[in-house]
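S.K.: Got a file for you: coords-v6.txt, compact mmCIF, C-alpha atoms.
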# COMPACT_ATOMS: atom_id res chain seq x y z
CA MET A 25 60.19 -37.61 9.07
CA MET A 26 61.58 -41.10 9.50
CA GLU A 27 63.03 -40.36 12.91
CA ARG A 28 59.70 -38.90 13.98
CA SER A 29 57.87 -41.96 12.62
CA ALA A 30 60.15 -44.38 14.41
CA SER A 31 59.70 -42.66 17.75
CA VAL A 32 55.95 -42.10 17.49
CA SER A 33 55.24 -45.15 19.66
CA ARG A 34 57.51 -43.98 22.46
CA GLN A 35 56.25 -40.41 22.38
CA ALA A 36 52.57 -41.23 22.23
CA HIS A 37 52.78 -43.99 24.84
CA GLY A 38 54.62 -41.65 27.14
CA ALA A 39 51.89 -39.03 26.79
CA ALA A 40 49.20 -41.61 27.45
CA ALA A 41 50.98 -42.90 30.51
CA THR A 42 51.57 -39.53 32.18
CA PRO A 43 49.10 -39.29 35.07
CA ARG A 44 48.22 -35.65 34.46
CA ARG A 45 44.54 -36.30 34.94
CA ARG A 46 42.70 -39.35 36.11
CA ALA A 47 40.55 -39.44 32.99
CA HIS A 48 43.60 -39.58 30.76
CA ALA A 49 45.27 -42.34 32.75
CA GLY A 50 42.14 -44.43 32.48
CA ARG A 51 42.59 -44.64 28.73
CA PHE A 52 46.22 -45.78 28.93
CA SER A 53 45.71 -49.34 27.70
CA THR A 54 43.50 -48.21 24.83
CA ALA A 55 46.08 -45.62 23.78
CA VAL A 56 48.80 -48.28 23.78
CA LYS A 57 46.88 -50.35 21.24
CA THR A 58 45.97 -47.36 19.11
CA VAL A 59 49.55 -46.13 18.83
CA VAL A 60 50.69 -49.44 17.33
CA GLY A 61 48.28 -48.86 14.46
CA ILE A 62 49.41 -45.26 14.01
CA ALA A 63 53.06 -46.27 13.94
CA ALA A 64 52.39 -48.97 11.39
CA LEU A 65 50.56 -46.52 9.15
CA LEU A 66 53.35 -43.96 9.28
CA LEU A 67 56.05 -46.52 8.69
CA ALA A 68 54.18 -47.98 5.72
CA LEU A 69 54.40 -44.78 3.69
CA PRO A 70 56.79 -45.30 0.75
CA LEU A 71 59.75 -42.94 0.77
CA ALA A 72 62.23 -41.91 -1.86
CA ALA A 73 65.37 -43.99 -1.64
CA SER A 74 68.61 -42.07 -1.58
CA ALA A 75 71.10 -44.59 -0.20
CA ALA A 76 71.52 -48.28 0.37
CA VAL A 77 71.48 -49.78 3.83
CA PRO A 78 74.45 -52.05 4.68
CA ALA A 79 74.45 -55.44 3.00
CA ALA A 80 74.00 -57.16 6.36
CA GLU A 81 70.81 -55.20 7.03
CA ARG A 82 69.46 -55.89 3.56
CA GLN A 83 70.17 -59.59 4.05
CA ALA A 84 68.43 -59.52 7.43
CA LEU A 85 65.36 -57.94 5.82
CA THR A 86 65.21 -60.55 3.06
CA ASN A 87 65.66 -63.27 5.69
CA LEU A 88 62.70 -61.81 7.58
CA TYR A 89 60.59 -61.91 4.41
CA THR A 90 61.58 -65.47 3.59
CA SER A 91 61.22 -66.97 7.08
CA THR A 92 57.78 -65.41 7.66
CA GLY A 93 56.18 -66.20 4.30
CA GLY A 94 56.49 -62.72 2.78
CA GLY A 95 54.69 -63.70 -0.40
CA ALA A 96 51.53 -64.29 1.63
CA TRP A 97 51.76 -61.11 3.71
CA THR A 98 48.67 -58.95 3.56
CA VAL A 99 50.83 -56.09 2.31
CA ASN A 100 54.36 -56.43 0.89
CA THR A 101 54.52 -53.32 -1.29
CA ASN A 102 57.98 -52.47 -2.71
CA TRP A 103 59.71 -55.53 -1.29
CA CYS A 104 59.88 -57.21 -4.69
CA SER A 105 60.82 -56.19 -8.20
CA GLY A 106 57.30 -56.18 -9.56
CA ALA A 107 54.60 -58.03 -7.65
CA CYS A 108 55.80 -60.47 -5.00
CA PRO A 109 54.94 -64.08 -5.92
CA PRO A 110 52.47 -65.69 -3.48
CA SER A 111 55.00 -68.45 -2.80
CA GLY A 112 58.49 -69.48 -3.78
CA ALA A 113 61.60 -67.37 -4.27
CA ALA A 114 61.17 -63.62 -4.64
CA THR A 115 63.21 -61.15 -6.67
CA PHE A 116 63.79 -58.37 -4.19
CA ASN A 117 63.82 -54.73 -5.15
CA ALA A 118 67.18 -53.16 -5.99
CA ALA A 119 69.75 -52.13 -3.41
CA GLY A 120 68.93 -48.62 -2.24
CA SER A 121 65.18 -49.25 -2.17
CA GLU A 122 65.00 -50.89 1.26
CA CYS A 123 63.78 -47.77 3.04
CA SER A 124 60.68 -47.74 0.84
CA TRP A 125 59.70 -51.35 1.59
CA TYR A 126 56.37 -51.68 3.39
CA GLY A 127 56.78 -51.42 7.16
CA ILE A 128 60.43 -50.37 7.04
CA ALA A 129 61.72 -47.02 8.23
CA CYS A 130 65.27 -45.70 8.04
CA ASP A 131 67.21 -42.90 9.67
CA ALA A 132 67.42 -39.44 8.13
CA ALA A 133 70.38 -40.41 5.97
CA GLN A 134 68.51 -43.51 4.71
CA ALA A 135 71.56 -45.50 5.80
CA HIS A 136 70.20 -47.77 8.54
CA VAL A 137 66.92 -49.47 9.36
CA ILE A 138 65.48 -47.99 12.55
CA ALA A 139 61.95 -49.42 12.52
CA ILE A 140 60.19 -52.58 11.41
CA ALA A 141 56.39 -52.34 11.74
CA LEU A 142 54.53 -55.39 10.44
CA PRO A 143 51.65 -55.97 12.89
CA ALA A 144 48.53 -57.83 11.74
CA ASN A 145 50.11 -58.57 8.36
CA ASN A 146 49.75 -62.36 8.10
CA LEU A 147 53.33 -63.20 8.97
CA ALA A 148 53.72 -66.95 9.57
CA GLY A 149 56.75 -69.00 10.50
CA THR A 150 59.64 -67.94 12.74
CA LEU A 151 61.65 -64.78 13.23
CA PRO A 152 65.28 -64.77 12.07
CA PRO A 153 68.02 -63.05 14.12
CA LEU A 154 67.73 -59.26 14.38
CA THR A 155 71.35 -58.63 15.39
CA ALA A 156 72.22 -56.97 12.07
CA PHE A 157 69.89 -54.07 12.88
CA GLY A 158 72.26 -52.20 15.17
CA SER A 159 70.25 -48.97 14.92
CA LEU A 160 66.80 -50.53 15.39
CA GLU A 161 64.45 -48.50 17.62
CA TYR A 162 60.99 -49.92 16.95
CA PHE A 163 59.89 -53.48 16.16
CA SER A 164 56.35 -54.80 15.90
CA VAL A 165 55.08 -58.14 14.61
CA ALA A 166 52.05 -58.28 16.92
CA SER A 167 48.89 -60.11 15.87
CA ASN A 168 50.40 -62.49 13.33
CA ARG A 169 50.89 -66.28 13.18
CA LEU A 170 54.49 -66.55 14.27
CA GLY A 171 56.02 -69.28 16.42
CA GLY A 172 59.37 -70.49 17.65
CA ALA A 173 61.62 -68.49 19.94
CA LEU A 174 61.75 -64.73 20.27
CA PRO A 175 65.01 -63.32 18.87
CA ALA A 176 67.84 -62.15 21.10
CA LEU A 177 67.60 -58.44 21.84
CA ALA A 178 70.62 -57.73 24.03
CA SER A 179 72.69 -56.27 21.18
CA LEU A 180 69.95 -53.87 20.03
CA THR A 181 71.09 -51.05 22.25
CA HIS A 182 68.92 -48.43 20.53
CA LEU A 183 65.69 -50.42 20.92
CA GLN A 184 62.80 -48.40 22.35
CA ALA A 185 59.74 -50.59 21.65
CA PHE A 186 59.26 -54.31 21.01
CA HIS A 187 55.79 -55.69 20.27
CA ALA A 188 55.21 -59.38 19.55
CA GLY A 189 51.89 -60.12 21.26
CA ASP A 190 49.12 -62.36 19.95
CA ASN A 191 51.30 -64.95 18.24
CA ALA A 192 52.43 -68.44 19.25
CA PHE A 193 56.01 -67.80 20.38
CA THR A 194 57.54 -70.38 22.71
CA GLY A 195 60.65 -70.58 24.85
CA ALA A 196 61.96 -68.02 27.31
CA LEU A 197 61.74 -64.28 27.36
CA PRO A 198 64.85 -62.61 25.90
CA ILE A 199 67.40 -61.00 28.18
CA LEU A 200 66.65 -57.29 28.44
CA SER A 201 69.45 -56.08 30.70
CA GLY A 202 71.45 -53.25 29.19
CA LEU A 203 68.59 -51.98 27.01
CA THR A 204 68.48 -48.64 28.76
CA GLY A 205 66.36 -47.02 26.03
CA LEU A 206 63.66 -49.70 26.04
CA GLY A 207 60.35 -48.13 27.01
CA ASP A 208 57.69 -50.54 25.79
CA PHE A 209 57.98 -54.33 25.89
CA ALA A 210 54.79 -56.21 25.05
CA VAL A 211 54.59 -59.94 24.26
CA PRO A 212 51.17 -60.93 25.67
CA ARG A 213 49.16 -63.97 24.65
CA ASN A 214 51.87 -66.30 23.44
CA GLN A 215 53.17 -69.60 24.85
CA LEU A 216 56.32 -68.30 26.51
CA SER A 217 57.71 -70.15 29.52
CA GLY A 218 60.41 -69.79 32.13
CA ALA A 219 61.02 -66.90 34.49
CA ILE A 220 60.60 -63.18 33.98
CA PRO A 221 64.11 -61.70 33.71
CA SER A 222 65.35 -58.90 35.93
CA LEU A 223 64.01 -55.51 34.92
CA SER A 224 66.23 -53.47 37.20
CA GLY A 225 68.23 -50.87 35.32
CA LEU A 226 65.71 -50.50 32.48
CA VAL A 227 65.43 -46.83 33.29
CA ALA A 228 63.22 -45.93 30.31
CA LEU A 229 60.70 -48.78 30.75
CA TYR A 230 57.10 -47.60 31.11
CA ARG A 231 55.15 -50.67 29.95
CA PHE A 232 55.90 -54.35 30.50
CA ASP A 233 53.19 -56.74 29.31
CA VAL A 234 53.68 -60.52 29.39
CA ALA A 235 50.08 -61.50 30.20
CA GLY A 236 48.61 -64.72 28.89
CA ASN A 237 51.74 -66.89 28.70
CA ARG A 238 53.11 -69.84 30.70
CA LEU A 239 55.68 -68.02 32.77
CA THR A 240 56.81 -69.42 36.12
CA GLY A 241 58.92 -68.22 39.00
CA SER A 242 58.36 -65.05 41.00
CA VAL A 243 57.26 -61.51 40.31
CA PRO A 244 60.48 -59.59 39.57
CA ALA A 245 61.58 -56.70 41.70
CA LEU A 246 60.29 -53.43 40.29
CA THR A 247 63.17 -51.36 41.61
CA GLY A 248 65.24 -49.02 39.47
CA ILE A 249 62.34 -48.42 37.04
CA ALA A 250 61.14 -45.00 38.11
CA GLY A 251 58.97 -44.44 35.04
CA LEU A 252 57.13 -47.80 34.99
CA ARG A 253 53.41 -47.17 34.41
CA GLU A 254 52.02 -50.59 33.53
CA PHE A 255 53.08 -54.06 34.64
CA ASP A 256 50.89 -56.94 33.48
CA ALA A 257 51.79 -60.57 34.14
CA SER A 258 48.23 -61.87 34.49
CA ASP A 259 47.28 -65.35 33.30
CA ASN A 260 50.60 -67.07 33.93
CA GLN A 261 51.89 -69.57 36.50
CA LEU A 262 53.82 -67.25 38.80
CA SER A 263 54.29 -68.23 42.43
CA GLY A 264 55.74 -66.79 45.61
CA THR A 265 54.85 -63.39 46.99
CA ILE A 266 54.03 -60.20 45.14
CA GLY A 267 57.10 -58.45 46.52
CA THR A 268 57.16 -54.67 46.87
CA PRO A 269 55.36 -53.05 43.92
CA SER A 270 55.37 -49.77 45.83
CA ALA A 271 59.01 -49.45 44.70
CA ALA A 272 57.54 -48.46 41.32
CA ALA A 273 55.98 -45.27 42.62
CA ALA A 274 54.69 -44.17 39.22
CA LEU A 275 52.86 -47.45 38.51
CA LEU A 276 49.30 -46.96 37.25
CA ARG A 277 48.24 -50.55 36.53
CA LEU A 278 49.28 -53.79 38.21
CA GLY A 279 47.99 -56.97 36.58
CA LEU A 280 48.67 -60.22 38.46
CA GLU A 281 45.36 -62.08 38.14
CA ARG A 282 45.21 -65.82 37.56
CA ASN A 283 48.55 -66.94 38.92
CA SER A 284 49.53 -68.93 42.03
CA LEU A 285 50.77 -66.05 44.16
CA SER A 286 50.66 -66.38 47.95
CA GLY A 287 51.37 -64.32 51.05
CA THR A 288 49.81 -61.00 51.90
CA ILE A 289 49.00 -58.11 49.60
CA PRO A 290 51.78 -55.55 50.16
CA VAL A 291 51.50 -51.78 50.24
CA LEU A 292 50.53 -50.67 46.76
CA PRO A 293 51.90 -47.76 44.71
CA PRO A 294 50.19 -44.45 45.57
CA ASN A 295 49.03 -43.57 42.03
CA LEU A 296 47.59 -46.96 41.06
CA TYR A 297 44.29 -46.88 39.15
CA SER A 298 43.89 -50.65 38.63
CA ALA A 299 45.02 -53.51 40.88
CA GLN A 300 44.02 -56.87 39.41
CA LEU A 301 44.95 -59.49 41.99
CA GLY A 302 42.15 -62.06 41.87
CA PHE A 303 42.44 -65.80 41.28
CA ASN A 304 45.56 -66.32 43.38
CA ARG A 305 46.26 -67.70 46.86
CA LEU A 306 46.73 -64.42 48.66
CA SER A 307 45.86 -64.29 52.35
CA GLY A 308 45.70 -61.93 55.30
CA ALA A 309 44.14 -58.49 55.63
CA VAL A 310 43.87 -56.13 52.69
CA PRO A 311 46.11 -53.04 52.73
CA ALA A 312 44.81 -49.53 52.26
CA ALA A 313 43.41 -49.01 48.76
CA PRO A 314 45.21 -46.22 46.88
CA ALA A 315 42.84 -43.26 46.59
CA THR A 316 43.43 -43.20 42.83
CA LEU A 317 41.87 -46.63 42.16
CA TYR A 318 39.18 -46.36 39.52
CA THR A 319 35.62 -47.50 40.03
CA PRO A 320 34.29 -50.13 37.60
CA ALA A 321 32.03 -47.59 35.89
CA ALA A 322 35.05 -45.47 34.97
CA PHE A 323 37.49 -48.20 33.95
CA ALA A 324 38.27 -51.89 34.34
CA SER A 325 37.69 -52.71 37.97
CA SER A 326 40.30 -53.84 40.43
CA THR A 327 39.96 -57.44 41.64
CA LEU A 328 40.71 -59.14 44.94
CA CYS A 329 38.70 -62.36 44.61
CA PRO A 330 38.88 -65.25 44.67
CA ASN A 331 41.60 -65.36 47.32
CA PRO A 332 41.55 -66.72 50.91
CA LEU A 333 41.83 -63.23 52.38
CA THR A 334 40.71 -62.05 55.82
CA PHE A 335 37.11 -60.87 55.64
CA SER A 336 36.69 -59.18 59.01
CA ALA A 337 35.63 -55.55 58.76
CA SER A 338 38.43 -52.98 58.60
CA ALA A 339 38.98 -49.32 57.86
CA ASN A 340 40.36 -50.34 54.45
CA ASP A 341 37.09 -51.84 53.21
CA ALA A 342 35.48 -48.70 51.81
CA GLY A 343 38.23 -48.08 49.27
CA TRP A 344 38.13 -51.66 48.00
CA ASN A 345 34.34 -51.68 47.92
CA ALA A 346 34.46 -48.77 45.49
CA ALA A 347 37.34 -50.17 43.43
CA THR A 348 35.89 -53.66 42.99
CA GLY A 349 32.26 -52.64 42.59
CA PHE A 350 31.12 -54.96 45.40
CA SER A 351 30.05 -53.96 48.88
CA PRO A 352 31.55 -55.53 50.83
CA TRP A 353 34.42 -56.32 48.47
CA TRP A 354 34.48 -59.99 49.47
CA ALA A 355 30.87 -60.54 48.32
CA THR A 356 32.03 -61.60 44.86
CA PRO A 357 30.37 -62.29 42.51
CA PHE A 358 27.09 -62.48 44.46
CA ALA A 359 26.04 -60.79 47.67
CA SER A 360 25.73 -64.18 49.41
CA ASN A 361 29.23 -65.31 48.40
CA ARG A 362 32.55 -64.88 50.11
CA CYS A 363 35.85 -64.14 48.41
CA ASP A 364 37.06 -67.71 48.85
CA ASP A 365 33.90 -69.49 47.68
CA LEU A 366 35.56 -70.31 44.36
CA GLN A 367 38.48 -72.13 45.98
CA ALA A 368 37.18 -75.41 44.62
CA ASP A 369 38.90 -74.50 41.34
CA GLY A 370 42.28 -75.47 42.75
CA PHE A 371 42.83 -72.58 45.12
CA GLU A 372 42.59 -74.42 48.43
Take the structure in the file and give it back as structure tokens.
M.R.:
Amino acid sequence: MMERSASVSRQAHGAAATPRRRAHAGRFSTAVKTVVGIAALLLALPLAASAAVPAAERQALTNLYTSTGGGAWTVNTNWCSGACPPSGAATFNAAGSECSWYGIACDAAQAHVIAIALPANNLAGTLPPLTAFGSLEYFSVASNRLGGALPALASLTHLQAFHAGDNAFTGALPILSGLTGLGDFAVPRNQLSGAIPSLSGLVALYRFDVAGNRLTGSVPALTGIAGLREFDASDNQLSGTIGTPSAAAALLRLGLERNSLSGTIPVLPPNLYSAQLGFNRLSGAVPAAPATLYTPAAFASSTLCPNPLTFSASANDAGWNAATGFSPWWATPFASNRCDDLQADGFE
């Protein structure tokens, strides 16, 4: 059961992201959020303890409790001997009980921690190192009140999902190279800065979400990630060109709104259902709109404006008219406007 619980995020996200039918793909982002809650529920179920995890893993768990204000967590069942005190030092439950602590899941032998699921649980403070969890597959502390730097992940070679969105983390993104099992990396709406690291070689990656941070530099190459379904780096400070997103042929959603990207819009992946490219400095003629792009009534619309694009009529207009919900697409947000009418907000 524990192995199934730990992999529920990967399995369910993968199902949601498979473009079997257009209607299913349109619910991808909603499914992503729902699965986090399901995983947390499964991992929270207390289990009978039959073995003790290594001392280093137990210490890492107690460090996590201490550095994130465990006494004030919304739920901290089984972490303490008796009720956890609201503040101050805690007396942790006996060795061998770790796999029954709220939000902790272990492998079938109850010998190693493989999942830590503590989203929306009133964690506050900073995260300690996670290097002791050599078998860790799933980690979520999304929607808490955490700050400081994200922990190093390079040594967590079994990691499949890492969720830390909706906090106040600062500093750079962790190095992800070598994490060939990582499928889901989501750290949106923090205060992270610096460049997006190379994603090439992350062969299992299907979702990469860093929206709503302070990231700079260029859009990374999306090569060598055949299964990538969602890439969202909206609401950052990225510059340069978009590159060649068509290299990610399976991509369903491309989010690059509200950056400082320039150059022309390249050929887009053939299965894309949402291309959010507005509020940049993109120029030139629009490329052909993938036939799979959703209309606003079916899902979140694609965006092209504001951008100083070429507005002369072309054979590509009809597809973008449908995808953006405006006809012509450059009449945004009012019929009398042009796509670059909002350039006064620093886009000229």
S.K.: Identify, on the basis of only C-alpha atoms, every residue whose closest approach to Pro314 in chain A does not exceed 10 Å; exclude the query and any residue fewer than 4 positions from it along the same chain; express the result as a PDB file with C-alpha atoms, in the coordinates of the input.
M.R.:
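And here is the file that came out, out-v5.pdb:
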ATOM      1  CA  VAL A 291      51.500 -51.780  50.240  1.00  0.00           C
ATOM      2  CA  LEU A 292      50.530 -50.670  46.760  1.00  0.00           C
ATOM      3  CA  PRO A 293      51.900 -47.760  44.710  1.00  0.00           C
ATOM      4  CA  PRO A 294      50.190 -44.450  45.570  1.00  0.00           C
ATOM      5  CA  ASN A 295      49.030 -43.570  42.030  1.00  0.00           C
ATOM      6  CA  LEU A 296      47.590 -46.960  41.060  1.00  0.00           C
ATOM      7  CA  TYR A 297      44.290 -46.880  39.150  1.00  0.00           C
ATOM      8  CA  SER A 298      43.890 -50.650  38.630  1.00  0.00           C
ATOM      9  CA  ALA A 299      45.020 -53.510  40.880  1.00  0.00           C
ATOM     10  CA  TYR A 318      39.180 -46.360  39.520  1.00  0.00           C
ATOM     11  CA  ASN A 340      40.360 -50.340  54.450  1.00  0.00           C
ATOM     12  CA  GLY A 343      38.230 -48.080  49.270  1.00  0.00           C
ATOM     13  CA  TRP A 344      38.130 -51.660  48.000  1.00  0.00           C
ATOM     14  CA  ALA A 347      37.340 -50.170  43.430  1.00  0.00           C
TER      15      ALA A 347
END
S.K.: Tell me which of A:Thr90, A:Asn102, A:Asn283, A:Ser167 sits closest to Arg213 in chain A, counting only C-alpha atoms.
M.R.: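 Distance minimum relative to Arg213 in chain A lands on A:Ser167.
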S.K.: Please list, as a list in words, the residues that have an atom at most 9 Å away from (54.0, -55.7, 29.9) in the coordinates of this file, counting all atoms listed in the file.
M.R.: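 Protein and nucleic acid residues near the point are Asp208, Phe209, Ala210, Val211, Pro212, Tyr230, Arg231, Phe232, Asp233, Val234, Ala235, Glu254, Phe255, Asp256 and Ala257 of chain A.
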S.K.: For CA of Thr319 in chain A and CA of Ser284 in chain A, quote the distance in Å rounded to one decimal.
M.R.: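 It comes out at 25.6 Å.
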S.K.: CA of Asp364 in chain A and CA of Thr334 in chain A, how far apart in Å?
M.R.: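 According to the coordinates, CA of Thr334 in chain A and CA of Asp364 in chain A are separated by 9.7 Å.
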S.K.: Go ahead and compute the interatomic distance for CA of Pro109 in chain A and CA of Asn214 in chain A, in Å to one decimal.
M.R.: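 Here the two named atoms are 29.6 Å from each other.
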S.K.: Skipping near chain neighbours, those fewer than 4 positions away, what residues fall within 6 Å of range 238-242 of chain A using all atoms listed in the file, listed as a ChimeraX atom specification?
M.R.: /A:215-219,260-264
S.K.: When you look at Ala118 in chain A with a cut-off of 12 Å (counting all atoms listed in the file), what residues show up, excluding the ones that are within fewer than 3 positions of it in the same chain? I need them as a compact mmCIF listing (two decimals) with C-alpha atoms, keeping the file's coordinate frame.
M.R.:
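Result file is result31.txt:
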# COMPACT_ATOMS: atom_id res chain seq x y z
CA ALA A 73 65.37 -43.99 -1.64
CA ALA A 75 71.10 -44.59 -0.20
CA ALA A 76 71.52 -48.28 0.37
CA VAL A 77 71.48 -49.78 3.83
CA ALA A 79 74.45 -55.44 3.00
CA ARG A 82 69.46 -55.89 3.56
CA THR A 86 65.21 -60.55 3.06
CA ASN A 102 57.98 -52.47 -2.71
CA TRP A 103 59.71 -55.53 -1.29
CA CYS A 104 59.88 -57.21 -4.69
CA SER A 105 60.82 -56.19 -8.20
CA GLY A 106 57.30 -56.18 -9.56
CA THR A 115 63.21 -61.15 -6.67
CA SER A 121 65.18 -49.25 -2.17
CA GLU A 122 65.00 -50.89 1.26
CA CYS A 123 63.78 -47.77 3.04
CA SER A 124 60.68 -47.74 0.84
CA TRP A 125 59.70 -51.35 1.59
S.K.: Complete range 259-280 of chain A at the level of N, CA and C atoms, written as an mmCIF file, in the coordinates of the input.
M.R.:
data_model
loop_
_atom_site.group_PDB
_atom_site.id
_atom_site.type_symbol
_atom_site.label_atom_id
_atom_site.label_comp_id
_atom_site.auth_asym_id
_atom_site.auth_seq_id
_atom_site.Cartn_x
_atom_site.Cartn_y
_atom_site.Cartn_z
ATOM 1 N N ASP A 259 47.471 -64.118 34.071
ATOM 2 C CA ASP A 259 47.280 -65.350 33.300
ATOM 3 C C ASP A 259 48.592 -66.049 32.985
ATOM 4 N N ASN A 260 49.377 -66.285 34.032
ATOM 5 C CA ASN A 260 50.600 -67.070 33.930
ATOM 6 C C ASN A 260 50.614 -68.095 35.045
ATOM 7 N N GLN A 261 51.769 -68.562 35.441
ATOM 8 C CA GLN A 261 51.890 -69.570 36.500
ATOM 9 C C GLN A 261 52.894 -69.103 37.547
ATOM 10 N N LEU A 262 52.883 -67.815 37.839
ATOM 11 C CA LEU A 262 53.820 -67.250 38.800
ATOM 12 C C LEU A 262 53.472 -67.679 40.214
ATOM 13 N N SER A 263 54.484 -67.810 41.045
ATOM 14 C CA SER A 263 54.290 -68.230 42.430
ATOM 15 C C SER A 263 55.120 -67.342 43.348
ATOM 16 N N GLY A 264 55.032 -67.623 44.655
ATOM 17 C CA GLY A 264 55.740 -66.790 45.610
ATOM 18 C C GLY A 264 54.921 -65.570 45.970
ATOM 19 N N THR A 265 55.554 -64.599 46.566
ATOM 20 C CA THR A 265 54.850 -63.390 46.990
ATOM 21 C C THR A 265 54.884 -62.320 45.909
ATOM 22 N N ILE A 266 54.074 -61.299 46.103
ATOM 23 C CA ILE A 266 54.030 -60.200 45.140
ATOM 24 C C ILE A 266 55.277 -59.332 45.226
ATOM 25 N N GLY A 267 55.915 -59.297 46.375
ATOM 26 C CA GLY A 267 57.100 -58.450 46.520
ATOM 27 C C GLY A 267 56.719 -57.055 46.980
ATOM 28 N N THR A 268 57.404 -56.052 46.462
ATOM 29 C CA THR A 268 57.160 -54.670 46.870
ATOM 30 C C THR A 268 56.887 -53.791 45.660
ATOM 31 N N PRO A 269 55.671 -53.881 45.084
ATOM 32 C CA PRO A 269 55.360 -53.050 43.920
ATOM 33 C C PRO A 269 55.397 -51.564 44.209
ATOM 34 N N SER A 270 55.328 -51.187 45.488
ATOM 35 C CA SER A 270 55.370 -49.770 45.830
ATOM 36 C C SER A 270 56.708 -49.147 45.446
ATOM 37 N N ALA A 271 57.727 -49.981 45.155
ATOM 38 C CA ALA A 271 59.010 -49.450 44.700
ATOM 39 C C ALA A 271 58.856 -48.741 43.365
ATOM 40 N N ALA A 272 57.840 -49.130 42.593
ATOM 41 C CA ALA A 272 57.540 -48.460 41.320
ATOM 42 C C ALA A 272 56.482 -47.402 41.613
ATOM 43 N N ALA A 273 56.919 -46.278 42.114
ATOM 44 C CA ALA A 273 55.980 -45.270 42.620
ATOM 45 C C ALA A 273 55.081 -44.685 41.553
ATOM 46 N N ALA A 274 55.492 -44.749 40.299
ATOM 47 C CA ALA A 274 54.690 -44.170 39.220
ATOM 48 C C ALA A 274 53.709 -45.163 38.608
ATOM 49 N N LEU A 275 53.673 -46.395 39.115
ATOM 50 C CA LEU A 275 52.860 -47.450 38.510
ATOM 51 C C LEU A 275 51.376 -47.077 38.527
ATOM 52 N N LEU A 276 50.725 -47.232 37.378
ATOM 53 C CA LEU A 276 49.300 -46.960 37.250
ATOM 54 C C LEU A 276 48.471 -48.238 37.231
ATOM 55 N N ARG A 277 49.004 -49.304 36.636
ATOM 56 C CA ARG A 277 48.240 -50.550 36.530
ATOM 57 C C ARG A 277 49.122 -51.733 36.899
ATOM 58 N N LEU A 278 48.580 -52.577 37.780
ATOM 59 C CA LEU A 278 49.280 -53.790 38.210
ATOM 60 C C LEU A 278 48.374 -54.974 37.915
ATOM 61 N N GLY A 279 48.767 -55.810 36.963
ATOM 62 C CA GLY A 279 47.990 -56.970 36.580
ATOM 63 C C GLY A 279 48.673 -58.261 36.987
ATOM 64 N N LEU A 280 48.093 -58.958 37.984
ATOM 65 C CA LEU A 280 48.670 -60.220 38.460
ATOM 66 C C LEU A 280 47.588 -61.290 38.636
#
